[in-house]
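**Q** My structure is stored as run.cif, with mmCIF, C-alpha atoms and all ligand atoms.
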```cif
data_upload
#
loop_
_atom_site.label_atom_id
_atom_site.label_comp_id
_atom_site.auth_asym_id
_atom_site.auth_seq_id
_atom_site.Cartn_x
_atom_site.Cartn_y
_atom_site.Cartn_z
CA MET A 1 -92.17 78.04 40.16
CA ARG A 2 -91.04 79.38 36.79
CA LYS A 3 -87.69 80.47 38.29
CA THR A 4 -87.18 77.01 39.73
CA PHE A 5 -87.89 75.47 36.33
CA ILE A 6 -85.36 77.71 34.57
CA THR A 7 -82.72 77.03 37.19
CA GLY A 8 -83.29 73.31 36.79
CA LEU A 9 -83.07 73.60 33.01
CA ILE A 10 -79.76 75.49 33.18
CA LEU A 11 -78.40 72.87 35.52
CA LEU A 12 -79.45 70.09 33.20
CA VAL A 13 -77.97 71.82 30.18
CA SER A 14 -74.71 72.48 31.97
CA LEU A 15 -74.62 68.88 33.08
CA PHE A 16 -75.32 67.80 29.54
CA ILE A 17 -72.64 70.04 28.12
CA HIS A 18 -70.18 68.76 30.69
CA ALA A 19 -71.06 65.17 30.00
CA CYS A 20 -70.68 65.71 26.28
CA GLY A 21 -67.18 66.91 26.73
CA GLY A 22 -67.68 70.48 26.09
CA ASN A 23 -64.53 70.76 28.11
CA GLU A 24 -61.25 68.87 27.26
CA ILE A 25 -61.65 65.13 26.72
CA PRO A 26 -58.85 63.07 28.38
CA THR A 27 -56.63 61.43 25.80
CA GLU A 28 -55.64 57.76 25.75
CA PRO A 29 -52.01 56.88 26.70
CA THR A 30 -49.82 56.93 23.57
CA GLU A 31 -47.36 54.03 24.43
CA THR A 32 -48.18 50.66 22.63
CA ILE A 33 -48.58 47.30 24.37
CA PRO A 34 -45.56 44.97 23.49
CA THR A 35 -46.60 42.38 20.84
CA VAL A 36 -45.57 38.68 21.40
CA VAL A 37 -43.77 37.23 18.30
CA VAL A 38 -44.56 33.53 18.01
CA ASP A 39 -41.70 31.60 16.32
CA THR A 40 -43.24 28.83 14.28
CA THR A 41 -40.32 28.40 11.88
CA ALA A 42 -38.07 25.40 12.43
CA PRO A 43 -34.31 25.64 11.92
CA ILE A 44 -32.85 24.68 8.54
CA ILE A 45 -30.23 21.91 8.45
CA SER A 46 -27.82 22.18 5.53
CA GLY A 47 -25.08 19.96 4.16
CA ALA A 48 -26.74 16.59 4.84
CA ASN A 49 -26.42 15.43 1.25
CA GLU A 50 -25.95 11.80 0.26
CA ILE A 51 -22.30 10.85 0.58
CA THR A 52 -20.29 7.93 -0.77
CA ILE A 53 -17.03 6.85 0.84
CA THR A 54 -14.79 3.82 0.47
CA VAL A 55 -14.24 1.27 3.22
CA GLY A 56 -11.49 2.59 5.47
CA ASP A 57 -11.94 6.27 4.57
CA SER A 58 -12.25 8.59 7.54
CA PHE A 59 -15.71 10.08 8.01
CA ASP A 60 -17.01 12.70 10.44
CA PRO A 61 -20.82 12.83 10.29
CA THR A 62 -20.88 16.39 11.70
CA SER A 63 -18.44 17.81 9.19
CA GLY A 64 -20.07 20.41 6.95
CA ILE A 65 -23.47 20.14 8.64
CA THR A 66 -25.05 23.41 9.83
CA ALA A 67 -28.35 24.41 11.43
CA ILE A 68 -29.57 28.01 11.13
CA ASP A 69 -32.72 29.33 12.79
CA ASN A 70 -34.70 32.44 11.90
CA VAL A 71 -34.76 33.58 15.55
CA ASP A 72 -32.03 31.70 17.42
CA GLY A 73 -29.36 31.96 14.73
CA ASN A 74 -26.66 29.34 14.43
CA LEU A 75 -27.73 26.11 16.15
CA SER A 76 -25.10 23.88 14.49
CA SER A 77 -23.62 22.86 17.83
CA GLN A 78 -27.08 21.71 19.00
CA ILE A 79 -27.50 19.12 16.22
CA VAL A 80 -27.99 15.61 17.55
CA VAL A 81 -26.65 12.84 15.29
CA THR A 82 -28.21 9.36 15.49
CA GLY A 83 -28.11 6.23 13.37
CA ALA A 84 -25.54 3.43 13.35
CA PHE A 85 -22.96 3.03 10.61
CA ASP A 86 -19.68 1.18 10.17
CA ILE A 87 -17.09 2.61 7.79
CA GLN A 88 -15.29 -0.75 7.76
CA VAL A 89 -18.34 -2.57 6.36
CA ALA A 90 -19.74 -1.83 2.91
CA GLY A 91 -23.41 -0.93 2.93
CA THR A 92 -25.97 1.83 2.84
CA TYR A 93 -26.66 3.58 6.11
CA ILE A 94 -29.07 6.30 7.23
CA ILE A 95 -27.76 9.03 9.51
CA THR A 96 -30.36 11.25 11.21
CA TYR A 97 -29.75 14.86 12.22
CA THR A 98 -32.17 16.46 14.71
CA VAL A 99 -32.21 20.03 16.00
CA SER A 100 -34.78 22.23 17.76
CA ASP A 101 -35.04 25.98 18.27
CA LEU A 102 -35.89 27.56 21.63
CA ALA A 103 -39.57 27.66 20.66
CA GLY A 104 -39.52 23.89 20.25
CA ASN A 105 -39.71 23.74 16.47
CA GLN A 106 -37.86 20.58 15.46
CA THR A 107 -36.14 19.69 12.20
CA VAL A 108 -35.20 16.10 11.35
CA VAL A 109 -33.10 15.33 8.28
CA ASN A 110 -32.08 11.87 7.10
CA ARG A 111 -28.84 11.49 5.19
CA THR A 112 -27.75 8.45 3.16
CA LEU A 113 -24.21 7.23 3.72
CA ILE A 114 -22.94 4.72 1.17
CA VAL A 115 -19.80 2.83 2.14
CA LYS A 116 -18.31 1.24 -0.98
CA LEU A 117 -15.92 -1.64 -1.17
CA GLN A 118 -12.40 -0.98 -2.38
CA ALA A 119 -12.34 -1.27 -6.19
CA ILE A 120 -10.48 -4.59 -6.17
CA ASP A 121 -12.89 -6.08 -3.62
CA GLN A 122 -15.90 -4.94 -5.63
CA ALA A 123 -14.48 -6.36 -8.87
CA ILE A 124 -13.72 -9.68 -7.20
CA LEU A 125 -17.16 -9.74 -5.59
CA ASN A 126 -18.79 -9.15 -8.98
CA TRP A 127 -16.63 -11.92 -10.40
CA ASN A 128 -17.50 -14.37 -7.63
CA GLN A 129 -21.19 -13.48 -7.58
CA ALA A 130 -21.40 -14.45 -11.23
CA LEU A 131 -21.31 -18.06 -9.93
CA GLY A 132 -20.88 -19.27 -13.46
CA TYR A 133 -19.68 -17.49 -16.53
CA THR A 134 -18.84 -17.97 -20.16
CA MET A 135 -15.74 -16.58 -21.78
CA HIS A 136 -15.57 -16.30 -25.53
CA ILE A 137 -11.89 -16.19 -26.20
CA GLN A 138 -10.80 -15.34 -29.70
CA PHE A 139 -7.24 -16.37 -30.40
CA ASN A 140 -5.62 -14.46 -33.22
CA SER A 141 -2.17 -15.19 -34.50
CA GLY A 142 -1.23 -13.89 -37.91
CA THR A 143 -4.01 -14.77 -40.31
CA GLU A 144 -5.19 -17.67 -38.19
CA SER A 145 -8.00 -17.31 -35.74
CA TYR A 146 -10.06 -19.65 -33.65
CA LEU A 147 -12.63 -19.42 -30.94
CA MET A 148 -12.49 -21.07 -27.59
CA ILE A 149 -15.50 -21.13 -25.31
CA VAL A 150 -15.01 -21.74 -21.63
CA GLU A 151 -18.02 -22.22 -19.42
CA ILE A 152 -17.50 -22.50 -15.72
CA ASP A 153 -20.19 -23.18 -13.19
CA GLU A 154 -19.97 -24.13 -9.54
CA ALA A 155 -19.93 -27.80 -10.43
CA TYR A 156 -18.60 -28.07 -13.93
CA MET A 157 -16.28 -26.68 -16.52
CA ARG A 158 -16.83 -27.01 -20.24
CA ILE A 159 -14.24 -26.15 -22.83
CA ASP A 160 -15.16 -25.99 -26.48
CA VAL A 161 -12.21 -25.45 -28.75
CA LEU A 162 -11.35 -26.48 -32.30
CA ASP A 163 -14.63 -28.40 -32.55
CA GLU A 164 -13.76 -30.57 -29.59
CA VAL A 165 -15.68 -30.37 -26.35
CA ILE A 166 -14.40 -31.34 -22.97
CA TYR A 167 -16.77 -31.26 -20.05
CA TYR A 168 -15.50 -31.65 -16.55
CA GLU A 169 -17.95 -32.32 -13.75
CA VAL A 170 -17.27 -32.43 -10.04
CA ASP A 171 -19.66 -34.56 -7.98
CA GLY A 172 -18.42 -34.88 -4.44
CA ASP A 173 -15.21 -36.83 -4.55
CA THR A 174 -15.88 -38.17 -8.02
CA CYS A 175 -15.20 -36.31 -11.19
CA TYR A 176 -16.36 -37.03 -14.69
CA LEU A 177 -14.77 -36.15 -17.95
CA TYR A 178 -17.05 -35.86 -20.96
CA GLU A 179 -15.59 -35.61 -24.40
CA MET A 180 -17.49 -35.04 -27.58
CA LYS A 181 -16.10 -37.45 -30.13
CA GLN A 182 -17.69 -37.89 -33.52
CA LEU A 183 -20.96 -36.32 -32.39
CA SER A 184 -21.35 -38.46 -29.28
CA TRP A 185 -20.41 -37.87 -25.68
CA GLN A 186 -17.90 -40.16 -24.04
CA LYS A 187 -18.04 -40.12 -20.28
CA THR A 188 -15.06 -41.16 -18.22
CA THR A 189 -14.85 -41.36 -14.44
CA VAL A 190 -11.68 -39.72 -13.28
CA ASN A 191 -10.08 -38.98 -9.98
CA CYS A 192 -10.69 -35.45 -8.92
CA SER A 193 -7.14 -34.41 -9.26
CA GLU A 194 -5.98 -31.74 -6.94
CA LYS A 195 -5.11 -29.88 -10.08
CA GLY A 196 -8.66 -29.86 -11.42
CA THR A 197 -10.49 -29.08 -8.20
CA THR A 198 -7.94 -26.50 -7.21
CA GLU A 199 -8.51 -24.72 -10.47
CA LEU A 200 -12.25 -24.66 -9.96
CA GLN A 201 -11.82 -23.50 -6.40
CA PHE A 202 -9.34 -20.86 -7.43
CA LEU A 203 -11.75 -19.46 -9.97
CA ALA A 204 -14.79 -19.72 -7.72
CA ASN A 205 -13.12 -18.17 -4.70
CA PHE A 206 -11.05 -15.43 -6.20
CA SER A 207 -9.92 -13.14 -3.45
CA SER A 208 -8.50 -9.67 -3.42
CA ASP A 209 -5.98 -11.04 -0.92
CA TYR A 210 -4.27 -12.68 -3.91
CA PHE A 211 -3.30 -9.30 -5.31
CA VAL A 212 -1.14 -6.37 -4.41
CA GLU A 213 -1.83 -2.93 -5.82
CA GLN A 214 0.84 -1.26 -7.97
CA ILE A 215 0.95 1.71 -10.31
CA ILE A 216 2.39 0.64 -13.65
CA ASP A 217 2.57 3.19 -16.51
CA GLU A 218 0.31 5.47 -14.46
CA VAL A 219 -2.35 2.77 -14.43
CA LYS A 220 -3.48 1.13 -11.20
CA THR A 221 -2.63 -2.52 -11.62
CA TYR A 222 -3.20 -5.55 -9.42
CA VAL A 223 -0.37 -8.04 -9.40
CA LEU A 224 -0.74 -11.60 -8.17
CA ARG A 225 1.13 -12.08 -4.92
CA MET A 226 4.24 -14.18 -5.25
CA GLU A 227 2.90 -17.15 -3.28
CA TYR A 228 -0.16 -17.39 -5.55
CA TYR A 229 1.99 -16.81 -8.60
CA SER A 230 4.22 -19.72 -7.56
CA SER A 231 1.12 -21.86 -7.03
CA LEU A 232 -0.27 -20.92 -10.43
CA GLN A 233 3.09 -21.64 -12.03
CA LEU A 234 3.11 -25.08 -10.49
CA PHE A 235 -0.41 -25.68 -11.71
CA LEU A 236 0.35 -24.56 -15.27
CA GLY A 237 3.63 -26.38 -15.51
CA SER A 238 5.76 -23.25 -15.33
CA SER A 239 4.46 -21.99 -18.66
CA ILE A 240 3.91 -18.45 -17.39
CA THR A 241 7.07 -16.41 -17.55
CA SER A 242 5.81 -13.15 -16.14
CA ASN A 243 3.53 -12.45 -13.26
CA PHE A 244 -0.18 -12.25 -13.75
CA ARG A 245 -1.59 -8.76 -13.42
CA MET A 246 -4.91 -7.16 -14.11
CA THR A 247 -6.63 -3.80 -14.38
CA LEU A 248 -10.13 -2.86 -13.37
CA SER A 249 -12.81 -0.78 -15.01
CA ASN A 250 -16.35 -0.01 -13.89
CA GLU A 251 -15.98 -2.33 -10.91
CA GLN A 252 -15.14 -5.24 -13.21
CA ILE A 253 -11.95 -7.03 -14.03
CA ASN A 254 -11.04 -5.36 -17.31
CA GLN A 255 -7.74 -6.70 -18.61
CA ILE A 256 -5.47 -9.56 -17.66
CA PHE A 257 -1.86 -9.64 -18.77
CA PHE A 258 0.83 -12.26 -18.60
CA THR A 259 3.48 -13.85 -20.76
CA MET A 260 3.38 -17.54 -21.55
CA THR A 261 5.89 -19.84 -23.10
CA ARG A 262 4.78 -23.06 -24.75
CA ASN A 263 7.01 -25.17 -26.94
CA SER A 264 9.61 -22.39 -26.99
CA ILE A 265 7.06 -19.90 -28.36
CA VAL A 266 6.54 -16.79 -26.25
CA PHE A 267 3.03 -15.38 -26.07
CA ASP A 268 2.32 -11.96 -24.63
CA MET A 269 -1.20 -12.48 -23.39
CA SER A 270 -3.48 -9.50 -23.15
CA ILE A 271 -7.01 -10.53 -22.33
CA THR A 272 -9.58 -7.78 -22.66
CA LEU A 273 -13.00 -8.32 -21.22
CA SER A 274 -15.14 -6.12 -23.41
CA LYS A 275 -18.11 -7.36 -21.44
CA PHE A 276 -17.99 -9.35 -18.28
CA ASN A 277 -18.10 -12.67 -20.09
CA GLU A 278 -16.57 -11.87 -23.44
CA THR A 279 -12.87 -12.09 -23.88
CA THR A 280 -10.55 -11.42 -26.76
CA VAL A 281 -6.98 -12.62 -26.78
CA SER A 282 -4.54 -11.32 -29.34
CA LEU A 283 -1.43 -13.37 -29.74
CA PRO A 284 1.67 -12.29 -31.59
CA GLU A 285 2.22 -13.79 -34.99
CA VAL A 286 3.99 -17.07 -34.51
CA ILE A 287 7.18 -17.32 -36.54
CA THR A 288 8.62 -20.78 -36.48
CA SER A 289 12.24 -21.02 -37.29
CA CA A 301 -37.26 29.27 14.67
#
```
Show how you would write the structure in this file as structure tokens.
Ligand SMILES: [Ca+2]
**A**
Amino acid sequence: MRKTFITGLILLVSLFIHACGGNEIPTEPTETIPTVVVDTTAPIISGANEITITVGDSFDPTSGITAIDNVDGNLSSQIVVTGAFDIQVAGTYIITYTVSDLAGNQTVVNRTLIVKLQAIDQAILNWNQALGYTMHIQFNSGTESYLMIVEIDEAYMRIDVLDEVIYYEVDGDTCYLYEMKQLSWQKTTVNCSEKGTTELQFLANFSSDYFVEQIIDEVKTYVLRMEYYSSLQLFLGSSITSNFRMTLSNEQINQIFFTMTRNSIVFDMSITLSKFNETTVSLPEVITS
């Protein structure tokens, strides 16, 4: 009985020792399981800055636009361009660039495209949109100086010069002439002469088509086309002896030049618009023989 007990004890101990790894313990495999990298970073679109062009300029919306992804690299050729624009029509347009990486991360970038009018068209548009305007014209000749105020609206023209006021109103086919005489208005019904209405229409519907662009003394100048010059000459009784030309500045008509002859006196007219509606005219000193 005792021997049986001891034998059993030895067996248990040896089993215990075996179970506890008294011998070598098998090692785990040393190779690592591949880790899955999840790409959550969308591509970056570059170059889609606001751009301003002039009507008629060529424009490629993909030029200079790139898309780079942290995993997929250069995706520029995958960019999808949407959004309508017309380079022949002035306006502000939105162009949208969209690109996705292989993991499906999408980037959308909006770009503003501004299509500007040609300078002459913008200046004329600003002029015409004024609807009405007032010109303060200071005539200087030698020591003499006087102010002339011209107000032009869609329906009337008022000239205030040398303390006399003339007011010209167009009402359908009838025109009225108002004259301030001895502090009271005198109203006269007049025929709307072609001369008067044409002048109003000319001023209210100024068009860049009237002008041709030239470079004079390294300055971009707009010269009245010959047919309009002839028409203006007829209107003014052939008093202009050189063509009418103008320069632009800050999208406004800046200076107007022409030479006039009245009563055998030659005036070199240089009209500077220091503001849109303020005008100074300097005339040469008149020397009468
Ligand atoms: Ca990515």
**Q** What do you get as a list in words if you pick all residues at most 8 Å from ligand CA 301 (chain A), counting all atoms listed in the file?
**A**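 Sorted by chain and then by number, the residues are Asp39, Thr40, Thr41, Ala42, Pro43, Asp69, Asn70, Val71, Asp72, Asp101, Leu102, Ala103 and Asn105 of chain A.
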**Q** Can you find the residues with an atom no farther than 12 Å from (-32.6, 21.1, 15.5), counting all atoms listed in the file, and report them as a PyMOL selection string?
**A** chain A and resi 41-46+65-69+72-81+96-109
**Q** Under the rule that all atoms listed in the file are counted, which of A:Ala123, A:Met260, A:Leu232, A:Leu224 is the nearest residue to A:Arg245?
**A**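 That would be A:Leu224, the residue with the smallest distance to A:Arg245.
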**Q** Output, as JSON, the centre and edge lengths in Å (one decimal) of the axis-aligned box that contains all listed atoms of stretch 98-103 of chain A with 6 Å of margin on each side.
**A**
```
{"center_x": -35.9, "center_y": 22.1, "center_z": 18.2, "size_x": 19.4, "size_y": 23.2, "size_z": 18.9}
```
**Q** Would you list the residues near (-19.8, 7.3, -2.1) (no more than 10 Å away, in the coordinates of the file, using only C-alpha atoms) as a VMD selection string?
**A** chain A and resid 50 to 55 92 112 to 117
**Q** Save the residues we just selected, C-alpha atoms, as a compact mmCIF listing (two decimals), in the frame of the given file?
**A**
```txt
# COMPACT_ATOMS: atom_id res chain seq x y z
CA GLU A 50 -25.95 11.80 0.26
CA ILE A 51 -22.30 10.85 0.58
CA THR A 52 -20.29 7.93 -0.77
CA ILE A 53 -17.03 6.85 0.84
CA THR A 54 -14.79 3.82 0.47
CA VAL A 55 -14.24 1.27 3.22
CA THR A 92 -25.97 1.83 2.84
CA THR A 112 -27.75 8.45 3.16
CA LEU A 113 -24.21 7.23 3.72
CA ILE A 114 -22.94 4.72 1.17
CA VAL A 115 -19.80 2.83 2.14
CA LYS A 116 -18.31 1.24 -0.98
CA LEU A 117 -15.92 -1.64 -1.17
```
**Q** Excluding A:Gln122 and residues on its chain fewer than 2 positions from it, collect all residues at most 12 Å away from it, counting all atoms listed in the file, and give them as a ChimeraX atom specification.
**A** /A:54-55,90,115-120,124-129,206-208,248-253
**Q** How many Å lie between atom CA of A:Gln88 and atom CA of A:Tyr210, rounded to one decimal?
**A**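 Separation between atom CA of A:Gln88 and atom CA of A:Tyr210: 20.0 Å.
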**Q** Excluding A:Met246 and residues on its chain fewer than 4 positions from it, collect all residues at most 7 Å away from it, counting all atoms listed in the file, and give them as a VMD selection string.
**A** chain A and resid 221 to 223 255 to 257
**Q** What gap, in Å, lies between atom CA of A:Val212 and atom CA of A:Thr259?
**A** 18.6 Å
**Q** Tell me, in Å to one decimal, how far atom CA of A:Gly47 is from atom CA of A:Arg111.
**A**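 Computing the Euclidean distance for atom CA of A:Gly47 and atom CA of A:Arg111 yields 9.3 Å.
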**Q** If you count all atoms listed in the file, which residues fall within 8 Å of A:Phe85, apart from same-chain ones fewer than 2 positions away, as a ChimeraX atom specification?
**A** /A:83,87,93-95
**Q** Between A:Asp160, A:Gly91, A:Asp209, A:Ile240, which is the closest to A:Asp121 once you count all atoms listed in the file?
**A**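 Nearest to A:Asp121: A:Asp209.
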